file work_10.txt (compact mmCIF, C-alpha atoms)
# COMPACT_ATOMS: atom_id res chain seq x y z
CA MET A 23 31.31 89.97 94.54
CA HIS A 24 32.00 89.81 90.85
CA ARG A 25 29.25 91.36 88.73
CA VAL A 26 28.37 89.66 85.48
CA ASP A 27 27.18 92.23 82.98
CA ALA A 28 25.34 91.69 79.72
CA THR A 29 28.57 91.77 77.73
CA ASP A 30 30.17 88.98 79.76
CA LYS A 31 26.98 86.97 79.54
CA GLY A 32 26.78 87.40 75.82
CA GLU A 33 30.42 86.38 75.33
CA ARG A 34 29.95 83.26 77.40
CA VAL A 35 26.84 82.26 75.47
CA GLY A 36 28.67 82.85 72.24
CA ASP A 37 31.58 80.67 73.35
CA GLY A 38 29.16 77.87 74.20
CA ASP A 39 27.52 78.15 70.80
CA GLY A 40 30.92 78.11 69.14
CA ARG A 41 31.89 74.89 70.88
CA ALA A 42 28.66 73.08 70.02
CA PRO A 43 29.43 72.51 66.31
CA GLY A 44 32.90 71.25 67.17
CA ALA A 45 31.50 68.77 69.69
CA ALA A 46 28.96 67.57 67.15
CA LEU A 47 31.69 67.06 64.58
CA ARG A 48 33.76 65.11 67.06
CA ARG A 49 30.83 62.89 67.92
CA ALA A 50 30.15 62.30 64.22
CA ALA A 51 33.80 61.45 63.63
CA ILE A 52 33.85 59.00 66.54
CA ARG A 53 30.67 57.38 65.27
CA LEU A 54 32.06 57.11 61.74
CA ARG A 55 35.30 55.60 62.98
CA ARG A 56 33.35 53.06 65.04
CA ASP A 57 31.21 52.08 62.04
CA LEU A 58 34.14 51.84 59.63
CA TRP A 59 36.65 50.23 61.95
CA THR A 60 34.76 47.14 63.07
CA THR A 61 35.01 43.41 62.56
CA ALA A 62 31.56 42.67 64.00
CA ARG A 63 29.55 39.91 62.37
CA ASP A 64 26.53 41.19 60.46
CA PRO A 65 24.75 38.42 58.52
CA LEU A 66 22.49 39.20 55.60
CA PRO A 67 18.87 39.93 56.56
CA ARG A 68 16.46 37.21 55.57
CA GLN A 69 14.04 39.84 54.19
CA THR A 70 16.35 40.56 51.26
CA TRP A 71 16.56 38.29 48.25
CA PHE A 72 20.29 37.98 48.94
CA GLY A 73 19.38 36.53 52.32
CA TRP A 74 17.44 33.71 50.66
CA LEU A 75 19.99 33.23 47.86
CA PRO A 76 22.13 30.15 48.49
CA HIS A 77 25.57 31.36 49.58
CA GLY A 78 27.15 28.79 47.37
CA HIS A 79 26.15 30.89 44.34
CA LEU A 80 28.15 33.85 45.64
CA VAL A 81 31.08 31.57 46.40
CA LEU A 82 30.90 30.32 42.82
CA LEU A 83 30.78 33.91 41.54
CA ALA A 84 33.84 34.78 43.64
CA THR A 85 35.72 31.79 42.22
CA ILE A 86 34.84 32.65 38.62
CA ALA A 87 35.71 36.32 39.18
CA GLY A 88 39.08 35.42 40.71
CA ILE A 89 40.02 33.13 37.79
CA ALA A 90 38.84 35.68 35.21
CA LYS A 91 40.71 38.50 36.90
CA MET A 92 43.86 36.39 37.05
CA ALA A 93 43.56 35.77 33.30
CA GLU A 94 42.91 39.48 32.74
CA TYR A 95 46.17 40.44 34.41
CA ALA A 96 48.07 37.56 32.82
CA GLU A 97 47.12 38.91 29.40
CA ALA A 98 48.59 42.32 30.26
CA ILE A 99 51.61 41.04 32.20
CA ASP A 100 53.86 38.28 30.93
CA VAL A 101 54.68 36.88 34.34
CA LEU A 102 52.40 37.46 37.36
CA SER A 103 54.24 38.03 40.60
CA ALA A 104 53.22 36.22 43.76
CA PRO A 105 51.99 39.44 45.48
CA VAL A 106 49.65 40.21 42.56
CA GLU A 107 48.27 36.67 42.56
CA LEU A 108 47.71 36.90 46.33
CA LEU A 109 45.89 40.23 45.99
CA VAL A 110 43.65 38.84 43.25
CA VAL A 111 42.74 35.88 45.48
CA LEU A 112 42.12 38.16 48.46
CA GLN A 113 39.80 40.43 46.52
CA ALA A 114 37.81 37.44 45.30
CA ALA A 115 37.64 36.17 48.89
CA SER A 116 36.27 39.54 50.02
CA LEU A 117 32.99 38.71 48.24
CA VAL A 118 32.60 35.60 50.42
CA LEU A 119 33.60 37.55 53.52
CA ALA A 120 30.92 40.16 52.74
CA LEU A 121 28.23 37.58 53.47
CA SER A 122 28.93 37.83 57.20
CA ARG A 123 31.28 40.80 57.75
CA PRO A 124 30.59 43.51 55.17
CA VAL A 125 32.85 46.25 56.57
CA PRO A 126 36.06 44.15 56.74
CA ALA A 127 35.16 42.77 53.29
CA TRP A 128 34.95 46.28 51.86
CA TRP A 129 38.34 47.18 53.34
CA LEU A 130 39.86 44.01 51.93
CA SER A 131 38.42 44.58 48.45
CA THR A 132 39.37 48.29 48.34
CA LEU A 133 42.93 47.70 49.51
CA SER A 134 43.33 44.79 47.11
CA LEU A 135 42.23 46.95 44.17
CA PHE A 136 44.56 49.78 45.17
CA LEU A 137 47.65 47.63 45.88
CA THR A 138 47.15 45.52 42.75
CA SER A 139 47.11 48.68 40.63
CA GLU A 140 50.21 50.02 42.35
CA LEU A 141 52.16 46.77 41.94
CA THR A 142 51.32 46.48 38.24
CA ASP A 143 52.19 50.11 37.39
CA ALA A 144 55.90 49.30 37.13
CA THR A 145 55.23 46.34 34.79
CA VAL A 146 52.47 47.50 32.46
CA GLY A 147 53.00 50.28 29.98
CA VAL A 148 51.23 53.60 30.31
CA ASP A 149 48.83 52.83 27.44
CA MET A 150 47.72 49.59 29.08
CA LEU A 151 47.39 50.78 32.66
CA TRP A 152 44.01 50.79 34.40
CA PRO A 153 43.11 51.52 38.06
CA TRP A 154 40.42 48.84 38.21
CA SER A 155 40.18 45.72 36.11
CA VAL A 156 36.78 44.68 34.73
CA TRP A 157 36.44 41.70 37.02
CA GLY A 158 37.79 43.71 39.92
CA ILE A 159 34.94 46.17 39.35
CA VAL A 160 32.44 43.28 39.26
CA VAL A 161 33.62 41.86 42.59
CA HIS A 162 33.78 45.24 44.30
CA THR A 163 30.31 46.17 43.01
CA PHE A 164 28.82 43.15 44.75
CA VAL A 165 30.83 43.92 47.89
CA VAL A 166 29.47 47.50 47.94
CA LEU A 167 25.94 46.19 47.42
CA LEU A 168 26.24 43.71 50.30
CA LEU A 169 27.72 46.46 52.45
CA ALA A 170 24.94 48.96 51.68
CA LEU A 171 22.31 46.40 52.65
CA ARG A 172 23.56 46.36 56.26
CA VAL A 173 25.14 49.74 57.16
CA PRO A 174 23.57 53.22 57.51
CA PRO A 175 23.42 55.33 54.32
CA TYR A 176 26.06 57.78 55.51
CA VAL A 177 28.55 54.92 55.97
CA THR A 178 27.76 53.72 52.44
CA ALA A 179 28.39 57.22 51.11
CA VAL A 180 31.74 57.49 52.89
CA THR A 181 32.91 54.08 51.64
CA LEU A 182 31.89 55.01 48.09
CA LEU A 183 33.88 58.24 48.34
CA LEU A 184 36.96 56.43 49.68
CA THR A 185 36.71 53.83 46.90
CA VAL A 186 36.58 56.52 44.19
CA LEU A 187 39.48 58.46 45.74
CA SER A 188 41.62 55.32 45.92
CA GLY A 189 40.86 54.58 42.26
CA MET A 190 41.72 58.12 41.16
CA GLY A 191 44.93 57.98 43.14
CA SER A 192 46.06 54.71 41.59
CA ALA A 193 44.97 55.83 38.09
CA ALA A 194 47.24 58.87 38.07
CA VAL A 195 50.43 58.03 36.16
CA PRO A 196 53.70 59.89 36.50
CA SER A 197 52.73 62.12 33.59
CA GLY A 198 49.65 63.25 35.50
CA ILE A 199 47.18 61.49 33.16
CA VAL A 200 44.15 59.84 34.74
CA HIS A 201 42.36 57.06 32.90
CA ASN A 202 38.88 58.62 33.08
CA GLU A 203 37.07 55.80 31.31
CA ASP A 204 37.98 53.21 33.89
CA VAL A 205 37.37 55.54 36.85
CA VAL A 206 34.02 56.76 35.53
CA GLY A 207 32.82 53.28 34.62
CA GLY A 208 33.80 51.79 37.96
CA THR A 209 32.41 54.75 39.90
CA LEU A 210 29.09 54.44 38.09
CA ALA A 211 28.85 50.73 38.90
CA PHE A 212 29.75 51.29 42.55
CA ALA A 213 27.30 54.19 42.87
CA ILE A 214 24.44 52.15 41.43
CA ALA A 215 25.20 49.29 43.83
CA ALA A 216 25.36 51.73 46.78
CA VAL A 217 22.06 53.39 45.87
CA VAL A 218 20.27 50.08 45.32
CA GLY A 219 21.59 48.60 48.56
CA ALA A 220 20.82 51.71 50.62
CA SER A 221 17.30 51.88 49.15
CA LEU A 222 16.63 48.24 49.99
CA ARG A 223 17.95 48.77 53.49
CA LEU A 224 15.78 51.85 54.09
CA SER A 225 12.76 49.96 52.77
CA ARG A 226 13.50 47.03 55.07
CA VAL A 227 13.96 49.28 58.10
CA ALA A 228 10.71 51.11 57.37
CA ARG A 229 8.89 47.81 56.93
CA ASN A 230 10.26 46.46 60.21
CA LYS A 231 9.22 49.62 62.05
CA LEU A 232 5.77 49.33 60.53
CA LEU A 233 5.50 45.72 61.68
CA GLU A 234 6.63 46.71 65.18
CA GLN A 235 4.05 49.48 65.25
CA GLU A 236 1.36 47.07 64.07
CA VAL A 237 2.29 44.67 66.86
CA LEU A 238 2.16 47.46 69.44
CA THR A 239 -1.15 48.68 68.06
CA ALA A 240 -2.60 45.16 68.18
CA GLU A 241 -1.44 44.74 71.78
CA GLU A 242 -2.90 48.10 72.78
CA ARG A 243 -6.16 47.27 71.01
CA ALA A 244 -6.34 43.91 72.77
CA LEU A 245 -5.67 45.54 76.14
CA ARG A 246 -8.28 48.20 75.48
CA THR A 247 -10.79 45.52 74.49
CA VAL A 248 -10.13 43.58 77.69
CA LEU A 249 -10.57 46.72 79.79
CA GLU A 250 -13.80 47.61 78.00
CA GLU A 251 -15.16 44.12 78.52
CA ARG A 252 -14.22 44.11 82.20
CA GLY A 253 -15.85 47.51 82.62
CA ARG A 254 -19.05 46.26 81.03
CA ILE A 255 -19.04 43.17 83.25
CA ALA A 256 -18.46 45.39 86.28
CA ARG A 257 -21.44 47.56 85.32
CA GLU A 258 -23.65 44.50 85.09
CA LEU A 259 -22.47 43.03 88.37
CA HIS A 260 -23.00 46.37 90.09
CA ASP A 261 -26.74 45.85 89.96
CA VAL A 262 -26.37 42.44 91.58
CA VAL A 263 -24.09 43.70 94.35
CA ALA A 264 -26.13 46.85 94.90
CA HIS A 265 -29.27 44.76 95.37
CA HIS A 266 -27.68 42.68 98.13
CA MET A 267 -26.25 45.73 99.85
CA SER A 268 -29.65 47.42 99.78
CA VAL A 269 -31.25 44.32 101.33
CA ILE A 270 -28.59 44.30 104.07
CA SER A 271 -29.22 47.98 104.79
CA ILE A 272 -32.99 47.50 105.01
CA GLN A 273 -32.70 44.37 107.18
CA ALA A 274 -30.33 46.14 109.56
CA GLN A 275 -32.78 49.04 109.85
CA VAL A 276 -35.82 46.83 110.44
CA ALA A 277 -34.18 44.26 112.73
CA PRO A 278 -34.43 46.32 115.98
CA HIS A 279 -38.21 46.54 115.53
CA LEU A 280 -38.50 42.76 115.33
CA VAL A 281 -36.95 42.21 118.75
CA GLU A 282 -38.70 43.03 121.99
CA ASN A 283 -36.69 45.46 124.07
CA PRO A 284 -33.45 45.31 122.01
CA SER A 285 -30.32 46.21 123.90
CA ASP A 286 -28.31 49.32 123.16
CA GLU A 287 -25.39 47.17 121.95
CA LEU A 288 -27.65 45.40 119.44
CA ARG A 289 -29.03 48.70 118.19
CA GLU A 290 -25.51 50.08 117.88
CA ASN A 291 -24.23 47.04 115.96
CA LEU A 292 -27.20 47.04 113.59
CA ALA A 293 -26.76 50.77 113.02
CA GLY A 294 -23.12 50.18 112.18
CA ILE A 295 -24.07 47.42 109.74
CA ARG A 296 -26.57 49.72 108.05
CA GLN A 297 -24.05 52.57 107.91
CA ASN A 298 -21.41 50.33 106.32
CA ALA A 299 -23.94 49.08 103.75
CA VAL A 300 -24.93 52.64 102.85
CA GLU A 301 -21.30 53.71 102.49
CA ALA A 302 -20.57 50.67 100.31
CA LEU A 303 -23.54 51.56 98.09
CA THR A 304 -22.25 55.12 97.78
CA GLU A 305 -18.81 53.93 96.71
CA LEU A 306 -20.35 51.50 94.23
CA ARG A 307 -22.33 54.32 92.64
CA ARG A 308 -19.18 56.43 92.34
CA VAL A 309 -17.27 53.65 90.62
CA LEU A 310 -20.21 52.93 88.37
CA GLY A 311 -20.43 56.64 87.51
CA VAL A 312 -16.83 56.54 86.25
CA LEU A 313 -17.49 53.40 84.22
CA ARG A 314 -20.67 54.77 82.69
CA ALA A 315 -18.92 58.05 81.82
CA GLU A 316 -16.54 56.04 79.61
CA ASP A 317 -19.48 54.29 77.89
CA PRO A 318 -22.38 56.65 77.09
CA SER A 319 -24.44 53.75 75.74
CA ALA A 320 -24.60 52.28 79.26
CA ASP A 321 -27.07 54.97 80.35
CA SER A 322 -29.70 53.55 78.03
CA VAL A 323 -29.76 50.24 79.94
CA ARG A 324 -28.83 51.37 83.45
CA HIS A 325 -32.31 50.64 84.82
CA THR A 326 -32.74 47.32 82.99
CA PRO A 327 -32.77 44.32 85.37
CA GLN A 328 -29.84 41.98 84.84
CA PRO A 329 -30.93 38.67 83.26
CA THR A 330 -30.62 35.26 84.88
CA LEU A 331 -31.13 31.68 83.72
CA ASP A 332 -34.85 32.11 84.44
CA ARG A 333 -34.94 34.16 81.24
CA LEU A 334 -33.05 31.62 79.16
CA ASP A 335 -36.25 30.30 77.55
CA GLU A 336 -37.13 33.86 76.53
CA LEU A 337 -33.68 34.25 74.93
CA LEU A 338 -34.10 30.99 73.00
CA ASP A 339 -37.52 32.05 71.76
CA ASN A 340 -36.05 35.31 70.45
CA VAL A 341 -33.28 33.60 68.49
CA ARG A 342 -35.75 31.05 67.12
CA ALA A 343 -37.89 33.92 65.91
CA ALA A 344 -34.79 35.26 64.14
CA GLY A 345 -34.55 32.00 62.16
CA LEU A 346 -32.07 30.03 64.28
CA SER A 347 -32.88 26.39 64.97
CA VAL A 348 -32.10 25.72 68.65
CA ASP A 349 -32.38 22.45 70.56
CA THR A 350 -32.00 22.45 74.35
CA ALA A 351 -31.21 19.87 77.02
CA THR A 352 -30.90 20.16 80.79
CA SER A 353 -29.34 17.62 83.12
CA GLY A 354 -29.21 17.55 86.89
CA GLU A 355 -31.52 19.15 89.41
CA ARG A 356 -32.14 22.76 88.58
CA ARG A 357 -31.65 25.04 91.57
CA ARG A 358 -31.08 28.65 92.41
CA LEU A 359 -27.53 29.87 91.87
CA SER A 360 -25.70 32.99 92.96
CA PRO A 361 -26.66 36.07 90.90
CA GLY A 362 -23.13 36.39 89.47
CA VAL A 363 -23.16 32.82 88.17
CA GLU A 364 -26.68 33.21 86.79
CA LEU A 365 -25.79 36.43 84.96
CA SER A 366 -22.52 35.06 83.57
CA ALA A 367 -24.17 31.85 82.38
CA TYR A 368 -26.92 33.79 80.61
CA ARG A 369 -24.43 36.09 78.89
CA ILE A 370 -22.23 33.18 77.76
CA VAL A 371 -25.19 31.44 76.14
CA GLN A 372 -26.34 34.73 74.60
CA GLU A 373 -22.88 35.44 73.18
CA ALA A 374 -22.45 31.92 71.82
CA LEU A 375 -25.84 32.03 70.08
CA SER A 376 -25.03 35.40 68.56
CA ASN A 377 -21.72 34.05 67.25
CA ALA A 378 -23.51 31.07 65.72
CA MET A 379 -25.97 33.38 63.95
CA ARG A 380 -23.14 35.51 62.54
CA HIS A 381 -20.60 32.84 61.61
CA ALA A 382 -22.75 29.76 60.89
CA PRO A 383 -26.01 30.98 59.36
CA GLY A 384 -28.60 28.27 58.95
CA ALA A 385 -26.75 25.81 61.19
CA PRO A 386 -28.72 24.10 63.99
CA VAL A 387 -27.51 24.87 67.51
CA ARG A 388 -27.75 22.75 70.63
CA VAL A 389 -27.64 24.31 74.11
CA GLU A 390 -26.94 21.95 77.00
CA THR A 391 -27.09 22.99 80.65
CA GLY A 392 -25.80 20.66 83.35
CA TYR A 393 -26.31 21.17 87.10
CA LEU A 394 -23.56 19.29 88.92
CA PRO A 395 -22.77 19.21 92.65
CA THR A 396 -19.62 21.26 92.11
CA GLY A 397 -20.40 23.36 89.08
CA LEU A 398 -22.65 24.45 86.27
CA THR A 399 -21.69 23.29 82.79
CA LEU A 400 -22.75 24.99 79.58
CA ARG A 401 -22.26 23.55 76.10
CA ILE A 402 -23.29 25.45 72.98
CA ALA A 403 -22.48 23.66 69.73
CA ASN A 404 -23.47 24.28 66.13
CA THR A 405 -23.01 22.36 62.89
CA PRO A 406 -21.34 23.87 59.77
CA ALA A 407 -23.06 26.81 58.08
CA THR A 408 -25.61 26.04 55.41
CA ARG A 409 -25.68 29.54 53.93
CA PRO A 410 -22.98 32.08 53.00
CA VAL A 411 -21.76 34.12 55.97
CA ASP A 412 -23.24 37.64 56.09
CA PRO A 413 -22.27 39.39 59.36
CA ALA A 414 -24.68 42.26 58.66
CA SER A 415 -27.64 39.88 58.75
CA ALA A 416 -27.07 39.05 62.44
CA PRO A 417 -26.24 42.17 64.44
CA LEU A 418 -25.06 41.99 68.01
CA SER A 419 -27.71 41.49 70.64
CA PRO A 420 -28.04 44.16 73.35
CA GLY A 421 -25.53 43.70 76.14
CA LEU A 422 -23.06 41.64 74.15
CA GLY A 423 -19.36 42.36 74.17
CA HIS A 424 -16.37 41.01 72.27
CA GLY A 425 -17.25 37.37 71.60
CA LEU A 426 -14.90 34.81 73.09
CA LEU A 427 -13.05 37.48 75.02
CA GLY A 428 -16.18 38.32 77.00
CA MET A 429 -16.90 34.66 77.69
CA ARG A 430 -13.35 34.06 78.90
CA GLU A 431 -13.43 37.13 81.16
CA ARG A 432 -16.71 36.07 82.76
CA THR A 433 -15.51 32.49 83.26
CA ALA A 434 -12.17 33.59 84.70
CA MET A 435 -13.92 36.04 87.03
CA LEU A 436 -15.79 33.12 88.62
CA GLY A 437 -12.75 30.83 88.67
CA GLY A 438 -14.16 28.57 85.98
CA GLU A 439 -12.90 27.19 82.69
CA LEU A 440 -13.90 27.80 79.09
CA VAL A 441 -12.95 25.81 76.00
CA ALA A 442 -13.92 26.93 72.51
CA GLY A 443 -12.95 25.66 69.10
CA PRO A 444 -14.02 23.91 65.90
CA THR A 445 -15.53 20.44 65.97
CA PRO A 446 -14.42 17.52 63.75
CA ASP A 447 -17.51 17.89 61.53
CA GLY A 448 -16.71 21.54 60.76
CA GLY A 449 -18.95 23.15 63.34
CA TYR A 450 -18.05 25.07 66.48
CA GLU A 451 -18.42 24.34 70.19
CA VAL A 452 -18.21 26.42 73.36
CA THR A 453 -18.00 24.64 76.71
CA ALA A 454 -17.93 26.53 80.01
CA THR A 455 -17.67 25.24 83.57
CA LEU A 456 -18.74 27.67 86.29
CA PRO A 457 -18.18 26.83 89.98
CA LEU A 458 -21.44 26.91 91.92
CA ASP A 459 -21.91 29.20 94.86
CA THR A 460 -25.42 28.30 95.88
CA PRO A 461 -26.88 30.87 98.28
CA LYS A 462 -27.97 29.60 101.65
CA ASP A 463 -31.66 29.58 102.48
CA GLY A 464 -32.88 32.80 103.91
CA THR A 465 -30.26 35.05 102.35

call {"tool": "encode", "arguments": {"input": "work_10.txt", "output": "structure tokens"}}
result
Amino acid sequence: MHRVDATDKGERVGDGDGRAPGAALRRAAIRLRRDLWTTARDPLPRQTWFGWLPHGHLVLLATIAGIAKMAEYAEAIDVLSAPVELLVVLQAASLVLALSRPVPAWWLSTLSLFLTSELTDATVGVDMLWPWSVWGIVVHTFVVLLLALRVPPYVTAVTLLLTVLSGMGSAAVPSGIVHNEDVVGGTLAFAIAAVVGASLRLSRVARNKLLEQEVLTAEERALRTVLEERGRIARELHDVVAHHMSVISIQAQVAPHLVENPSDELRENLAGIRQNAVEALTELRRVLGVLRAEDPSADSVRHTPQPTLDRLDELLDNVRAAGLSVDTATSGERRRLSPGVELSAYRIVQEALSNAMRHAPGAPVRVETGYLPTGLTLRIANTPATRPVDPASAPLSPGLGHGLLGMRERTAMLGGELVAGPTPDGGYEVTATLPLDTPKDGT
């Protein structure tokens, strides 16, 4: 068996480290080639002022620049050749192309500048030669700006470098003289356009990421609010369920003593019922312990009996004492409902009254309760506020949750419907329909 010593191990690690920079460079080169050698469509973002600028203005600028550049060369050259005229037109067209395909537009503008300079070198004297004409610089500056608005900063930097190198190459005359004024002036204009475009792009990207994060945060906050509200509803309903399970356990324990000479099978079945009820109570307490651990404030009201519609008059008296004008109306035959419906109905009315106190101070409120054969209807409506809104003047009542969210959760839990919204007169109305589950007599 071959033994790998420390020297071999060290050499192999060193070889791996030596290859890593080369692989990174290859990946960077492949990425750069992909970004520079593409014809993909990339329209202007609407967030930029260029995105809202009518494209016809840029087309007009390209037309004016092409005519002015043609006149600029015609002044220096007696007779313009067809290739030069074509290159001038192509460079002007690159500004229009940059609206949708910035990378091909940059290539077209750069090559047009370079080839135009090369074709005119043989015609124009050395004293009159320039690498970039004034209007050529104007067009290419806008092309660089439109490019920098869409591509990553490193691509903008590479295109700027290639543009400057092409200008220096075409500015060098056979005598080795480079027209520094034209190169420096054009380079400065291109650099400013690149920096401005890259800055606007980075700002737009950061703003979009911030908006995405805000959306995610809002979704997470909404989900957390829903879970908190459901947990609070579960804690309240625990008392209702626990009461029924305790009654079942006690009835199962007492039942054998109410029958003369009960059979062993009856005793066994009743014992099983009691055992199941006790186990269910134990599990309920465990779940409730987890829910209460997440909400320390729940311990302060854990022994408070859950309210029902029997305490609705007491609730209305309390809000009247706080200065709220409340009118009530009840239709249908009032009867005993299931504890879950009673509790949810009470909480919906309590929440709606609290909202009216906070958002419509001084406005009269009407509470209507309707007992129908198939459901209980609740309608809480208020008129427009008569005083300025001051949320601090009407704090939340004990046991309240997150406004409409809590009402919707309670209604959905019972399979009912809830509609809430402004009224035509400027007030607000909450209407809830809760299916009735009337307990049978004797249960």

call {"tool": "closest_residue", "arguments": {"input": "work_10.txt", "among": "A:Gln297, A:Ser285, A:Ser122, A:Thr433", "to": "Ser268 (chain A)", "atoms": "all atoms listed in the file"}}
result
A:Gln297

call {"tool": "atom_distance", "arguments": {"input": "work_10.txt", "atom1": "CA of Leu436 (chain A)", "atom2": "CA of Val363 (chain A)"}}
result
7.4 Å

call {"tool": "closest_atom_pairs", "arguments": {"input": "work_10.txt", "of": "region 162-273 of chain A", "to": "region 83-95 of chain A", "cutoff": "12 Å", "atoms": "all atoms listed in the file", "output": "Markdown table"}}
result
| residue | atom | partner | partner_atom | distance |
| --- | --- | --- | --- | --- |
| A:His162 | CA | A:Ala87 | CA | 10.5 |
| A:Thr163 | CA | A:Ala87 | CA | 11.9 |
| A:Phe164 | CA | A:Ala84 | CA | 9.8 |
| A:Val165 | CA | A:Ala84 | CA | 10.5 |

call {"tool": "residues_near_point", "arguments": {"input": "work_10.txt", "point": "(-25.9, 26.8, 71.0)", "cutoff": "12 Å", "atoms": "all atoms listed in the file", "output": "number ranges by chain"}}
result
A: 334, 337-338, 341-342, 346-351, 368, 370-379, 382, 385-391, 400-405, 449-453

call {"tool": "atom_distance", "arguments": {"input": "work_10.txt", "atom1": "CA of Thr178 (chain A)", "atom2": "CA of Gly158 (chain A)"}}
result
18.9 Å

call {"tool": "closest_residue", "arguments": {"input": "work_10.txt", "among": "A:Asp57, A:Val110, A:Met435, A:Val81", "to": "Val125 (chain A)", "atoms": "all atoms listed in the file"}}
result
A:Asp57

call {"tool": "atom_distance", "arguments": {"input": "work_10.txt", "atom1": "CA of Leu288 (chain A)", "atom2": "CA of Ile270 (chain A)"}}
result
15.4 Å

call {"tool": "residues_around", "arguments": {"input": "work_10.txt", "residues": "Gly384 (chain A)", "least_positions_apart": "6", "cutoff": "6 Å", "atoms": "only C-alpha atoms", "output": "ChimeraX atom specification"}}
result
/A:407-409

call {"tool": "closest_residue", "arguments": {"input": "work_10.txt", "among": "A:Leu232, A:Ala220, A:Ala215, A:Leu133", "to": "Thr185 (chain A)", "atoms": "all atoms listed in the file"}}
result
A:Leu133

call {"tool": "residues_around", "arguments": {"input": "work_10.txt", "residues": "Arg252 (chain A)", "least_positions_apart": "6", "cutoff": "9 Å", "atoms": "all atoms listed in the file", "output": "ChimeraX atom specification"}}
result
/A:428,431-432

call {"tool": "residues_around", "arguments": {"input": "work_10.txt", "residues": "Pro175 (chain A)", "least_positions_apart": "2", "cutoff": "9 Å", "atoms": "all atoms listed in the file", "output": "JSON, numbers by chain"}}
result
{"A": [170, 173, 177, 178, 179, 180, 216, 217, 220, 221, 223, 224]}

call {"tool": "residues_around", "arguments": {"input": "work_10.txt", "residues": "region 206-213 of chain A", "least_positions_apart": "2", "cutoff": "12 Å", "atoms": "all atoms listed in the file", "output": "PDB file with C-alpha atoms, in the frame of the given file"}}
result
ATOM      1  CA  TRP A 128      34.950  46.280  51.860  1.00  0.00           C
ATOM      2  CA  THR A 132      39.370  48.290  48.340  1.00  0.00           C
ATOM      3  CA  LEU A 135      42.230  46.950  44.170  1.00  0.00           C
ATOM      4  CA  TRP A 152      44.010  50.790  34.400  1.00  0.00           C
ATOM      5  CA  PRO A 153      43.110  51.520  38.060  1.00  0.00           C
ATOM      6  CA  TRP A 154      40.420  48.840  38.210  1.00  0.00           C
ATOM      7  CA  SER A 155      40.180  45.720  36.110  1.00  0.00           C
ATOM      8  CA  VAL A 156      36.780  44.680  34.730  1.00  0.00           C
ATOM      9  CA  TRP A 157      36.440  41.700  37.020  1.00  0.00           C
ATOM     10  CA  GLY A 158      37.790  43.710  39.920  1.00  0.00           C
ATOM     11  CA  ILE A 159      34.940  46.170  39.350  1.00  0.00           C
ATOM     12  CA  VAL A 160      32.440  43.280  39.260  1.00  0.00           C
ATOM     13  CA  VAL A 161      33.620  41.860  42.590  1.00  0.00           C
ATOM     14  CA  HIS A 162      33.780  45.240  44.300  1.00  0.00           C
ATOM     15  CA  THR A 163      30.310  46.170  43.010  1.00  0.00           C
ATOM     16  CA  PHE A 164      28.820  43.150  44.750  1.00  0.00           C
ATOM     17  CA  VAL A 165      30.830  43.920  47.890  1.00  0.00           C
ATOM     18  CA  VAL A 166      29.470  47.500  47.940  1.00  0.00           C
ATOM     19  CA  LEU A 167      25.940  46.190  47.420  1.00  0.00           C
ATOM     20  CA  LEU A 168      26.240  43.710  50.300  1.00  0.00           C
ATOM     21  CA  LEU A 169      27.720  46.460  52.450  1.00  0.00           C
ATOM     22  CA  ALA A 170      24.940  48.960  51.680  1.00  0.00           C
ATOM     23  CA  THR A 178      27.760  53.720  52.440  1.00  0.00           C
ATOM     24  CA  ALA A 179      28.390  57.220  51.110  1.00  0.00           C
ATOM     25  CA  VAL A 180      31.740  57.490  52.890  1.00  0.00           C
ATOM     26  CA  THR A 181      32.910  54.080  51.640  1.00  0.00           C
ATOM     27  CA  LEU A 182      31.890  55.010  48.090  1.00  0.00           C
ATOM     28  CA  LEU A 183      33.880  58.240  48.340  1.00  0.00           C
ATOM     29  CA  LEU A 184      36.960  56.430  49.680  1.00  0.00           C
ATOM     30  CA  THR A 185      36.710  53.830  46.900  1.00  0.00           C
ATOM     31  CA  VAL A 186      36.580  56.520  44.190  1.00  0.00           C
ATOM     32  CA  LEU A 187      39.480  58.460  45.740  1.00  0.00           C
ATOM     33  CA  SER A 188      41.620  55.320  45.920  1.00  0.00           C
ATOM     34  CA  GLY A 189      40.860  54.580  42.260  1.00  0.00           C
ATOM     35  CA  MET A 190      41.720  58.120  41.160  1.00  0.00           C
ATOM     36  CA  ALA A 193      44.970  55.830  38.090  1.00  0.00           C
ATOM     37  CA  VAL A 200      44.150  59.840  34.740  1.00  0.00           C
ATOM     38  CA  HIS A 201      42.360  57.060  32.900  1.00  0.00           C
ATOM     39  CA  ASN A 202      38.880  58.620  33.080  1.00  0.00           C
ATOM     40  CA  GLU A 203      37.070  55.800  31.310  1.00  0.00           C
ATOM     41  CA  ASP A 204      37.980  53.210  33.890  1.00  0.00           C
ATOM     42  CA  ALA A 215      25.200  49.290  43.830  1.00  0.00           C
ATOM     43  CA  ALA A 216      25.360  51.730  46.780  1.00  0.00           C
ATOM     44  CA  VAL A 217      22.060  53.390  45.870  1.00  0.00           C
ATOM     45  CA  VAL A 218      20.270  50.080  45.320  1.00  0.00           C
ATOM     46  CA  GLY A 219      21.590  48.600  48.560  1.00  0.00           C
ATOM     47  CA  ALA A 220      20.820  51.710  50.620  1.00  0.00           C
TER      48      ALA A 220
END

call {"tool": "closest_residue", "arguments": {"input": "work_10.txt", "among": "A:Pro329, A:Pro410, A:Gly44, A:Gly425", "to": "Thr247 (chain A)", "atoms": "all atoms listed in the file"}}
result
A:Gly425
